[in-house]
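Okay, work-v4.txt is below, compact mmCIF, C-alpha atoms and all ligand atoms:
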# COMPACT_ATOMS: atom_id res chain seq x y z
CA MET A 1 0.00 0.00 0.00
CA THR A 2 1.49 3.33 -1.11
CA ASP A 3 0.70 6.88 -0.12
CA THR A 4 -1.16 7.63 -3.34
CA ASN A 5 -3.54 4.82 -2.54
CA ASN A 6 -4.54 6.45 0.68
CA THR A 7 -7.22 8.92 1.54
CA ASP A 8 -5.54 11.85 -0.18
CA ILE A 9 -8.41 12.83 -2.45
CA GLU A 10 -10.11 15.98 -1.31
CA ILE A 11 -13.86 15.64 -1.36
CA PRO A 12 -15.69 18.98 -1.54
CA ASP A 13 -19.34 19.29 -0.57
CA VAL A 14 -20.18 20.54 -4.01
CA LEU A 15 -18.21 19.69 -7.14
CA PHE A 16 -18.51 21.70 -10.33
CA SER A 17 -17.48 20.68 -13.81
CA GLU A 18 -14.46 22.54 -15.16
CA TYR A 19 -16.35 22.80 -18.43
CA GLU A 20 -19.52 24.30 -16.97
CA SER A 21 -18.93 27.39 -19.15
CA ILE A 22 -18.71 25.41 -22.40
CA PRO A 23 -22.30 25.18 -23.61
CA THR A 24 -21.86 21.95 -25.62
CA ILE A 25 -20.49 20.18 -22.53
CA ALA A 26 -22.75 21.87 -19.97
CA GLY A 27 -25.69 20.71 -22.05
CA ILE A 28 -24.74 17.03 -21.70
CA LEU A 29 -23.39 16.89 -18.14
CA HIS A 30 -26.62 15.17 -17.14
CA VAL A 31 -25.75 12.22 -19.43
CA PHE A 32 -22.71 11.52 -17.29
CA LEU A 33 -24.21 12.42 -13.90
CA ASP A 34 -27.41 10.47 -14.47
CA SER A 35 -25.41 7.35 -15.35
CA LEU A 36 -23.54 7.40 -12.03
CA PRO A 37 -26.13 6.12 -9.51
CA ASP A 38 -26.64 2.86 -11.42
CA MET A 39 -22.92 2.43 -11.94
CA VAL A 40 -22.19 2.96 -8.26
CA GLU A 41 -24.91 0.52 -7.27
CA THR A 42 -23.59 -2.12 -9.67
CA MET A 43 -20.09 -1.61 -8.30
CA HIS A 44 -21.31 -2.15 -4.74
CA ALA A 45 -23.02 -5.35 -5.85
CA ALA A 46 -19.84 -6.49 -7.62
CA MET A 47 -17.85 -5.81 -4.50
CA ASP A 48 -20.28 -7.73 -2.30
CA GLY A 49 -20.15 -10.61 -4.76
CA GLY A 50 -16.35 -10.59 -4.95
CA ASP A 51 -16.50 -9.83 -8.67
CA SER A 52 -13.31 -7.82 -9.12
CA GLU A 53 -13.51 -7.96 -12.89
CA THR A 54 -16.85 -6.14 -13.12
CA LEU A 55 -15.74 -3.70 -10.47
CA ALA A 56 -12.52 -2.86 -12.34
CA SER A 57 -14.32 -2.63 -15.66
CA LEU A 58 -16.91 -0.14 -14.38
CA ALA A 59 -14.20 1.88 -12.66
CA HIS A 60 -12.33 1.89 -15.98
CA GLN A 61 -15.39 3.34 -17.73
CA ILE A 62 -15.87 6.12 -15.19
CA LYS A 63 -12.16 6.86 -15.32
CA GLY A 64 -12.43 7.38 -19.07
CA ALA A 65 -15.40 9.71 -18.84
CA GLY A 66 -14.99 11.83 -15.67
CA GLY A 67 -12.18 14.15 -16.76
CA GLY A 68 -13.73 14.54 -20.17
CA TYR A 69 -16.84 15.98 -18.55
CA GLY A 70 -14.70 18.29 -16.44
CA TYR A 71 -14.36 16.15 -13.30
CA PRO A 72 -10.67 15.16 -13.13
CA SER A 73 -10.98 14.17 -9.45
CA ILE A 74 -13.60 11.56 -10.42
CA THR A 75 -11.19 10.13 -13.00
CA GLU A 76 -8.48 10.07 -10.35
CA ALA A 77 -10.67 8.26 -7.82
CA ALA A 78 -11.85 5.79 -10.44
CA LEU A 79 -8.26 5.06 -11.44
CA LYS A 80 -7.43 4.13 -7.84
CA LEU A 81 -10.48 1.92 -7.62
CA GLU A 82 -9.59 0.21 -10.89
CA HIS A 83 -6.13 -0.60 -9.54
CA SER A 84 -7.27 -1.88 -6.15
CA ALA A 85 -10.04 -3.93 -7.79
CA LYS A 86 -7.61 -5.48 -10.25
CA GLU A 87 -5.41 -6.52 -7.33
CA SER A 88 -8.46 -7.75 -5.43
CA ASP A 89 -7.40 -5.61 -2.50
CA TRP A 90 -10.93 -5.52 -1.14
CA GLU A 91 -10.25 -3.36 1.87
CA LEU A 92 -8.67 -0.64 -0.22
CA ALA A 93 -11.22 -1.05 -2.98
CA ARG A 94 -14.04 -0.45 -0.50
CA LEU A 95 -12.40 2.79 0.56
CA HIS A 96 -11.85 3.89 -3.03
CA LEU A 97 -15.42 3.12 -3.94
CA VAL A 98 -16.72 5.22 -1.06
CA GLN A 99 -14.48 8.10 -2.15
CA LEU A 100 -15.69 7.79 -5.69
CA GLU A 101 -19.30 7.68 -4.59
CA LEU A 102 -18.91 10.79 -2.43
CA LEU A 103 -17.37 12.68 -5.36
CA CYS A 104 -20.25 11.61 -7.57
CA VAL A 105 -22.74 12.88 -5.00
CA SER A 106 -20.86 16.21 -4.81
CA ALA A 107 -20.88 16.50 -8.60
CA TYR A 108 -24.59 15.77 -8.63
CA ARG A 109 -25.10 18.49 -6.02
CA GLY A 110 -23.02 20.91 -8.11
CA LYS A 111 -25.23 20.39 -11.09
CA HIS A 112 -28.38 20.88 -9.09
CA ALA A 113 -27.13 23.60 -6.75
CA PRO A 114 -29.50 26.59 -6.66
CA ALA A 115 -26.78 29.20 -7.28
CA GLY A 116 -24.07 27.78 -9.49
CA GLY A 117 -20.67 29.04 -8.41
CA MET B 1 -16.67 14.53 -43.91
CA LYS B 2 -18.15 11.65 -41.97
CA VAL B 3 -16.78 10.51 -38.59
CA LEU B 4 -17.97 7.40 -36.77
CA ILE B 5 -17.49 7.11 -33.00
CA VAL B 6 -17.56 3.58 -31.60
CA ASP B 7 -17.71 3.11 -27.83
CA ASP B 8 -19.67 0.82 -25.55
CA SER B 9 -20.38 3.67 -23.15
CA PRO B 10 -23.18 6.10 -24.09
CA VAL B 11 -21.60 8.57 -21.71
CA THR B 12 -18.41 8.65 -23.78
CA LEU B 13 -20.33 8.76 -27.06
CA ALA B 14 -22.28 11.82 -25.91
CA LEU B 15 -19.08 13.55 -24.85
CA ALA B 16 -17.13 12.81 -28.03
CA GLN B 17 -20.09 13.93 -30.10
CA ALA B 18 -20.33 17.18 -28.14
CA ARG B 19 -16.60 17.77 -28.52
CA LEU B 20 -16.83 17.43 -32.30
CA ARG B 21 -19.98 19.50 -32.68
CA ASP B 22 -18.13 22.63 -33.82
CA GLU B 23 -16.00 20.85 -36.39
CA ASN B 24 -18.59 20.92 -39.16
CA LEU B 25 -18.55 17.14 -39.48
CA ASP B 26 -21.16 14.51 -40.00
CA VAL B 27 -20.82 12.64 -36.67
CA LEU B 28 -22.28 9.13 -36.29
CA CYS B 29 -22.31 7.00 -33.14
CA ALA B 30 -22.25 3.25 -32.62
CA GLN B 31 -22.64 1.68 -29.21
CA GLY B 32 -20.32 -1.31 -29.14
CA GLY B 33 -18.09 -3.17 -31.58
CA VAL B 34 -20.78 -5.10 -33.46
CA GLU B 35 -22.80 -1.98 -34.23
CA GLY B 36 -19.57 -0.16 -35.07
CA LEU B 37 -18.64 -2.75 -37.68
CA GLU B 38 -22.16 -2.66 -39.13
CA LYS B 39 -22.17 1.13 -39.44
CA THR B 40 -18.68 1.12 -40.94
CA ARG B 41 -19.86 -1.21 -43.70
CA LYS B 42 -23.04 0.76 -44.31
CA GLU B 43 -21.75 4.32 -44.02
CA HIS B 44 -18.10 4.16 -45.20
CA PRO B 45 -16.98 6.93 -42.81
CA ASP B 46 -13.85 9.01 -43.47
CA LEU B 47 -12.57 8.41 -39.95
CA ILE B 48 -13.37 6.05 -37.08
CA LEU B 49 -12.82 6.82 -33.40
CA LEU B 50 -12.66 3.38 -31.86
CA ASP B 51 -12.81 2.43 -28.18
CA LEU B 52 -10.43 -0.37 -27.23
CA LYS B 53 -12.38 -1.98 -24.42
CA MET B 54 -15.83 -3.13 -25.45
CA PRO B 55 -17.57 -6.22 -24.12
CA ASP B 56 -19.22 -7.47 -27.34
CA LEU B 57 -16.31 -7.02 -29.74
CA SER B 58 -13.06 -5.34 -28.71
CA GLY B 59 -11.54 -2.41 -30.56
CA TYR B 60 -8.68 -4.66 -31.68
CA GLU B 61 -11.08 -7.12 -33.26
CA VAL B 62 -13.08 -4.37 -34.97
CA CYS B 63 -9.84 -2.83 -36.27
CA GLU B 64 -8.60 -6.17 -37.57
CA ARG B 65 -11.81 -6.82 -39.50
CA ILE B 66 -11.88 -3.34 -41.00
CA LYS B 67 -8.22 -3.45 -42.01
CA SER B 68 -8.58 -6.83 -43.69
CA ASP B 69 -11.57 -5.70 -45.75
CA PRO B 70 -10.34 -4.30 -49.10
CA GLU B 71 -13.26 -1.88 -49.32
CA LEU B 72 -12.81 -0.48 -45.81
CA GLY B 73 -9.10 -1.00 -45.11
CA SER B 74 -8.10 2.55 -46.03
CA ILE B 75 -10.41 4.21 -43.48
CA PRO B 76 -8.19 5.77 -40.81
CA ILE B 77 -8.80 4.70 -37.22
CA ILE B 78 -8.03 6.60 -34.02
CA PHE B 79 -8.11 4.46 -30.89
CA LEU B 80 -9.74 5.83 -27.76
CA THR B 81 -8.22 4.36 -24.68
CA ALA B 82 -8.54 4.89 -20.97
CA SER B 83 -5.66 2.51 -20.49
CA ASP B 84 -2.32 4.01 -19.53
CA SER B 85 -0.44 0.96 -20.77
CA VAL B 86 2.07 1.74 -23.50
CA GLU B 87 1.65 -1.83 -24.75
CA ASP B 88 -2.01 -1.22 -25.62
CA LYS B 89 -1.16 1.92 -27.55
CA VAL B 90 1.67 0.29 -29.46
CA LYS B 91 -0.50 -2.70 -30.31
CA GLY B 92 -3.20 -0.38 -31.66
CA LEU B 93 -0.75 1.54 -33.82
CA ASP B 94 0.81 -1.71 -35.04
CA MET B 95 -2.61 -2.87 -36.16
CA GLY B 96 -2.89 0.09 -38.50
CA ALA B 97 -4.48 2.79 -36.35
CA VAL B 98 -3.20 6.24 -37.29
CA ASP B 99 -3.34 7.66 -33.78
CA TYR B 100 -4.76 7.25 -30.29
CA VAL B 101 -6.45 9.65 -27.89
CA ALA B 102 -6.35 9.04 -24.16
CA LYS B 103 -9.59 9.05 -22.20
CA PRO B 104 -10.64 11.22 -20.50
CA PHE B 105 -10.40 13.59 -23.46
CA ASP B 106 -8.50 16.79 -23.18
CA PRO B 107 -10.82 19.61 -24.31
CA VAL B 108 -8.88 20.46 -27.47
CA GLU B 109 -6.84 17.32 -28.10
CA LEU B 110 -9.65 15.22 -29.53
CA SER B 111 -10.72 17.75 -32.16
CA ALA B 112 -7.11 18.58 -33.03
CA ARG B 113 -6.28 14.91 -33.66
CA VAL B 114 -9.48 14.41 -35.63
CA ARG B 115 -8.66 17.42 -37.81
CA ALA B 116 -5.14 16.12 -38.45
CA ALA B 117 -6.36 12.64 -39.40
CA LEU B 118 -8.97 14.08 -41.76
CA ARG B 119 -6.40 16.31 -43.45
CA VAL B 120 -4.32 13.24 -44.24
CA LYS B 121 -7.43 11.35 -45.38
CA ARG B 122 -8.39 14.15 -47.78
CA LEU B 123 -4.91 14.10 -49.29
CA GLN B 124 -4.98 10.32 -49.63
CA ASP B 125 -8.38 10.46 -51.32
CA LEU B 126 -7.05 13.03 -53.77
CA LEU B 127 -3.94 10.96 -54.60
CA ASN B 128 -6.07 7.86 -54.87
CA LEU B 129 -8.40 9.66 -57.28
CA ARG B 130 -5.49 10.93 -59.38
CA ALA B 131 -4.09 7.42 -59.65
CA GLN B 132 -7.39 6.31 -61.14
CA LEU B 133 -7.58 9.00 -63.81
CA ASP B 134 -6.06 9.15 -67.25
CA PRO B 135 -3.87 12.27 -67.07
CA LEU B 136 -4.58 13.42 -70.63
CA THR B 137 -8.36 13.09 -70.83
CA GLU B 138 -9.18 12.98 -67.10
CA LEU B 139 -11.49 10.06 -67.74
CA TRP B 140 -11.09 6.95 -65.56
CA ASN B 141 -8.06 4.91 -66.60
CA ARG B 142 -8.22 1.27 -67.60
CA GLN B 143 -7.33 -0.07 -64.17
CA ALA B 144 -10.05 2.00 -62.49
CA MET B 145 -12.50 0.86 -65.19
CA GLU B 146 -11.70 -2.78 -64.46
CA THR B 147 -12.27 -2.26 -60.75
CA ARG B 148 -15.57 -0.48 -61.37
CA LEU B 149 -16.66 -3.12 -63.86
CA ARG B 150 -15.97 -5.83 -61.28
CA GLN B 151 -18.08 -3.96 -58.71
CA GLU B 152 -20.89 -3.17 -61.14
CA TRP B 153 -20.91 -6.73 -62.39
CA ALA B 154 -21.26 -8.06 -58.85
CA ARG B 155 -23.99 -5.57 -58.02
CA THR B 156 -25.86 -6.27 -61.25
CA SER B 157 -25.72 -10.04 -60.76
CA ARG B 158 -26.93 -9.69 -57.18
CA HIS B 159 -29.95 -7.65 -58.20
CA GLU B 160 -30.55 -9.55 -61.46
CA GLU B 161 -30.17 -6.36 -63.43
CA VAL B 162 -28.59 -5.77 -66.81
CA LEU B 163 -25.34 -3.97 -67.61
CA ALA B 164 -24.08 -2.74 -70.99
CA PHE B 165 -20.54 -2.13 -72.17
CA LEU B 166 -19.52 0.16 -75.00
CA MET B 167 -16.20 0.36 -76.78
CA MET B 168 -15.18 3.20 -79.06
CA ASP B 169 -12.11 3.44 -81.27
CA VAL B 170 -11.01 6.46 -83.29
CA ASP B 171 -10.78 5.57 -86.98
CA HIS B 172 -7.38 5.96 -88.66
CA PHE B 173 -5.95 7.66 -85.59
CA LYS B 174 -2.40 6.89 -86.65
CA LYS B 175 -2.93 9.06 -89.73
CA VAL B 176 -3.95 12.00 -87.51
CA ASN B 177 -0.74 11.67 -85.52
CA ASP B 178 1.39 11.26 -88.64
CA THR B 179 -0.19 14.20 -90.46
CA TYR B 180 -0.68 16.75 -87.70
CA GLY B 181 1.71 15.59 -85.00
CA HIS B 182 1.12 14.09 -81.56
CA PRO B 183 -0.09 17.29 -79.84
CA ALA B 184 -2.93 17.41 -82.39
CA GLY B 185 -3.59 13.72 -81.77
CA ASP B 186 -3.86 14.47 -78.05
CA ARG B 187 -6.40 17.19 -78.76
CA VAL B 188 -8.46 14.71 -80.75
CA LEU B 189 -8.41 12.30 -77.81
CA CYS B 190 -9.51 15.08 -75.43
CA ALA B 191 -12.34 15.98 -77.83
CA MET B 192 -13.43 12.32 -77.80
CA ALA B 193 -13.43 12.31 -74.03
CA HIS B 194 -15.54 15.47 -74.08
CA VAL B 195 -18.10 13.86 -76.39
CA LEU B 196 -18.40 10.85 -74.08
CA THR B 197 -18.69 13.03 -70.99
CA VAL B 198 -21.44 15.14 -72.54
CA GLN B 199 -23.45 12.18 -73.83
CA CYS B 200 -23.13 9.79 -70.87
CA ARG B 201 -25.71 9.63 -68.09
CA GLU B 202 -24.67 10.46 -64.54
CA SER B 203 -24.47 6.76 -63.69
CA ASP B 204 -22.33 5.79 -66.71
CA LEU B 205 -18.58 5.40 -66.36
CA ALA B 206 -16.49 6.58 -69.27
CA CYS B 207 -12.84 5.61 -69.40
CA ARG B 208 -9.82 5.70 -71.65
CA TYR B 209 -9.19 2.06 -72.34
CA GLY B 210 -5.81 2.63 -73.96
CA GLY B 211 -4.30 4.49 -76.97
CA GLU B 212 -7.20 5.77 -79.03
CA GLU B 213 -9.67 3.35 -77.49
CA PHE B 214 -12.40 4.32 -75.02
CA ALA B 215 -15.00 2.36 -73.07
CA VAL B 216 -18.20 3.12 -71.19
CA ILE B 217 -19.86 1.02 -68.50
CA LEU B 218 -23.63 1.54 -68.50
CA PRO B 219 -25.20 0.14 -65.33
CA GLY B 220 -28.87 -0.75 -65.77
CA ALA B 221 -28.80 -0.37 -69.59
CA ASP B 222 -29.12 -3.06 -72.26
CA SER B 223 -27.26 -3.09 -75.56
CA HIS B 224 -30.17 -1.39 -77.30
CA GLU B 225 -29.88 1.65 -75.01
CA ALA B 226 -26.10 1.54 -75.24
CA ALA B 227 -26.38 1.58 -79.04
CA HIS B 228 -28.43 4.78 -78.79
CA LEU B 229 -25.73 6.41 -76.72
CA ALA B 230 -23.08 5.15 -79.16
CA GLU B 231 -25.01 6.55 -82.10
CA ARG B 232 -25.27 9.99 -80.47
CA CYS B 233 -21.54 9.92 -79.79
CA ARG B 234 -20.79 8.80 -83.34
CA GLU B 235 -22.74 11.78 -84.71
CA ASP B 236 -21.00 14.21 -82.35
CA VAL B 237 -17.58 12.89 -83.35
CA GLU B 238 -18.45 13.22 -87.02
CA GLN B 239 -19.37 16.88 -86.42
CA LEU B 240 -16.07 17.70 -84.72
CA ALA B 241 -13.84 20.15 -86.55
CA LEU B 242 -10.53 20.76 -84.81
CA PRO B 243 -8.40 23.49 -86.36
CA ALA B 244 -4.75 22.55 -86.94
CA GLN B 245 -2.09 24.18 -89.14
CA ASP B 246 -4.57 26.15 -91.30
CA ARG B 247 -6.53 22.99 -91.81
CA VAL B 248 -9.34 21.26 -89.98
CA ILE B 249 -9.02 17.82 -88.49
CA ARG B 250 -12.05 15.65 -89.03
CA VAL B 251 -12.32 12.21 -87.52
CA THR B 252 -14.81 9.40 -87.19
CA ALA B 253 -15.10 6.60 -84.66
CA SER B 254 -16.33 3.01 -84.61
CA PHE B 255 -18.39 1.51 -81.80
CA GLY B 256 -19.10 -1.96 -80.45
CA VAL B 257 -21.70 -2.56 -77.76
CA ALA B 258 -22.84 -5.59 -75.77
CA ASP B 259 -24.82 -6.31 -72.62
CA SER B 260 -24.68 -8.81 -69.79
CA LYS B 261 -27.87 -10.72 -70.61
CA ASP B 262 -27.30 -14.50 -70.38
CA LEU B 263 -23.59 -14.02 -69.66
CA VAL B 264 -21.81 -15.75 -66.81
CA SER B 265 -18.47 -13.98 -67.02
CA ARG B 266 -17.63 -10.31 -67.32
CA ASP B 267 -14.74 -11.22 -69.62
CA ASP B 268 -17.38 -12.35 -72.14
CA LEU B 269 -18.97 -8.90 -71.92
CA LEU B 270 -15.66 -7.30 -72.89
CA HIS B 271 -15.03 -9.86 -75.63
CA HIS B 272 -18.47 -9.31 -77.10
CA ALA B 273 -18.11 -5.52 -77.21
CA ASP B 274 -14.64 -5.94 -78.64
CA ALA B 275 -15.84 -8.36 -81.33
CA ALA B 276 -18.66 -5.96 -82.25
CA LEU B 277 -16.14 -3.11 -82.49
CA TYR B 278 -13.97 -5.20 -84.77
CA ARG B 279 -17.00 -5.92 -86.90
CA ALA B 280 -17.71 -2.16 -87.13
CA LYS B 281 -14.18 -1.60 -88.39
CA ARG B 282 -14.49 -4.33 -90.96
CA GLU B 283 -17.80 -3.10 -92.26
CA GLY B 284 -16.27 0.25 -93.14
CA ARG B 285 -15.84 2.16 -89.81
CA ASN B 286 -17.84 5.19 -88.55
CA ARG B 287 -20.66 2.96 -87.34
CA VAL B 288 -22.19 1.26 -84.31
CA ILE B 289 -22.47 -2.52 -84.15
CA VAL B 290 -24.40 -4.37 -81.44
CA TRP B 291 -23.06 -7.77 -80.54
CA GLU B 292 -25.08 -10.67 -81.93
CA PRO B 293 -24.19 -14.34 -81.70
CA TYR B 294 -23.24 -14.46 -85.43
CA ILE B 295 -20.35 -12.08 -84.73
CA ALA B 296 -18.58 -14.63 -82.59
CA ASP B 297 -17.67 -16.64 -85.72
CA THR B 298 -16.05 -13.70 -87.50
CA THR B 299 -13.66 -12.53 -84.80
CA VAL B 300 -9.98 -12.29 -85.64
CA PRO B 301 -7.08 -10.89 -83.59
CA ARG B 302 -7.39 -7.24 -82.52
CA GLU B 303 -4.12 -6.13 -84.12
CA VAL B 304 -5.94 -5.82 -87.44
CA THR B 305 -8.08 -2.88 -86.28
CA SER B 306 -7.02 0.73 -86.71
MG MG C 1 -15.15 0.88 -23.34
How would this structure read if it were set down as structure tokens?
Amino acid sequence: MTDTNNTDIEIPDVLFSEYESIPTIAGILHVFLDSLPDMVETMHAAMDGGDSETLASLAHQIKGAGGGYGYPSITEAALKLEHSAKESDWELARLHLVQLELLCVSAYRGKHAPAGG
Amino acid sequence: MKVLIVDDSPVTLALAQARLRDENLDVLCAQGGVEGLEKTRKEHPDLILLDLKMPDLSGYEVCERIKSDPELGSIPIIFLTASDSVEDKVKGLDMGAVDYVAKPFDPVELSARVRAALRVKRLQDLLNLRAQLDPLTELWNRQAMETRLRQEWARTSRHEEVLAFLMMDVDHFKKVNDTYGHPAGDRVLCAMAHVLTVQCRESDLACRYGGEEFAVILPGADSHEAAHLAERCREDVEQLALPAQDRVIRVTASFGVADSKDLVSRDDLLHHADAALYRAKREGRNRVIVWEPYIADTTVPREVTS
């Protein structure tokens, strides 16, 4: 276990997309955000079932999308989860999944925050 | 130009599509490898953005099938990969991909790489087109004609349609060259090409078959219709008056036509048109002959024609 695998990701209460000001991206943020709850749920199920392959594969998908939608911290968290899942380090994977989920919730809040900032 | 994005994730498809929105491109999406392959075959895109990791058919497999298909092999492919492994990237490039873009996309990188790949594609298309044209007349050259005939023959057979083939040869062309010089001969050939271009339908393919010989593929036409076209061309050629050295060059041309009815091989189509052309020469030139079975018995080697 290295330092970068630890709890060094900052999780803000509200997370905004870096591309919020680009209309073409702002207009499709919901495509990404709305896909997250199901993904997170499936990842929890995979973890409970000891299915590291599905877990890593879903993390891989989120990793590939997050930064592109302006959420680099989500990509970063997903990358860590992909690694820990691939190594079947369940304890670490559980931590990474929680971090990822919290970031997703913050991003969701950012999109639906009353006064965007 | 047409760009196809292939990715198993709708989230990535939506993003890539949004990123390319300002590029003035026709952007198509396919969710997964199977659909990607289907759309590639149907749409013939100018560029494919291809995800590596897809559950139904991986990007490698899709790439392999596209690259081994002679009709699709020249379509450039850019791999999209969320993998940071150098091995994956090298493998993709080794398989014939022109580039890769790392996921998540950098805001400007994706469109910049797409623009670069399309610039190269446009250049390749242009060179490819030039290689298929006869430089003097700018009609299709013989090689391109043979390729098109093969395709049209296959299409026609599949749909049980008919296909006609026309051959035209300038009468006594050698005399034109000997009397007025080769530059004048070239002008005659260009005038011939112009006559064909004016008279042909949009769907016909006129080509320079070699020397002073021309050919036209007429998809969907029988020899009767092809003979009408040939007759119009014959009249136009007869009316040509090309000034040269205070004199006027006048030429005529002979025509042979045939169609694909009851034929099993496209070589027979060419032989029939050729035999009819030979017959036109023998009967006194400046005429159109439609292939009939009786002509088969009178064929002699081509070298005799002029
Ligand atoms: Mg994928």
Taking all atoms listed in the file into account, which residues have an atom no farther than 8 Å from ligand MG 1 (chain C)? I'd like them as a PyMOL selection string.
(chain A and resi 60-61) or (chain B and resi 7-9+51-55+81)
Check: which chain B residues lie within 7 Å of chain A using all atoms listed in the file, as a PyMOL selection string
chain B and resi 11-12+18+82+103-106
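The protein and nucleic acid residues lying at most 9 Å from Ile249 (chain B) are Val176, Tyr180, Ala184, Val188, Leu240, Ala241, Leu242 and Pro243 of chain B, with only C-alpha atoms considered and sequence neighbours fewer than 6 positions away removed.
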Using all atoms listed in the file, pick whichever of B:Leu47, B:Ala131, B:Ile289, B:Cys233 has the shortest atom-to-atom distance to Thr197 (chain B).
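Answer, going by the shortest atom-to-atom distance: B:Cys233.
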Quick one, how far is CA of Ile5 (chain B) from CA of Ser74 (chain B)?
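Here the two named atoms are 16.7 Å from each other.
The interatomic distance for the pair CA of Met95 (chain B) and CA of Arg113 (chain B) works out to 18.3 Å.
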Please compute the CA of Val101 (chain B)-CA of Pro76 (chain B) distance, one decimal, in Å.
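If I compute the distance from CA of Val101 (chain B) to CA of Pro76 (chain B), I get 13.6 Å.
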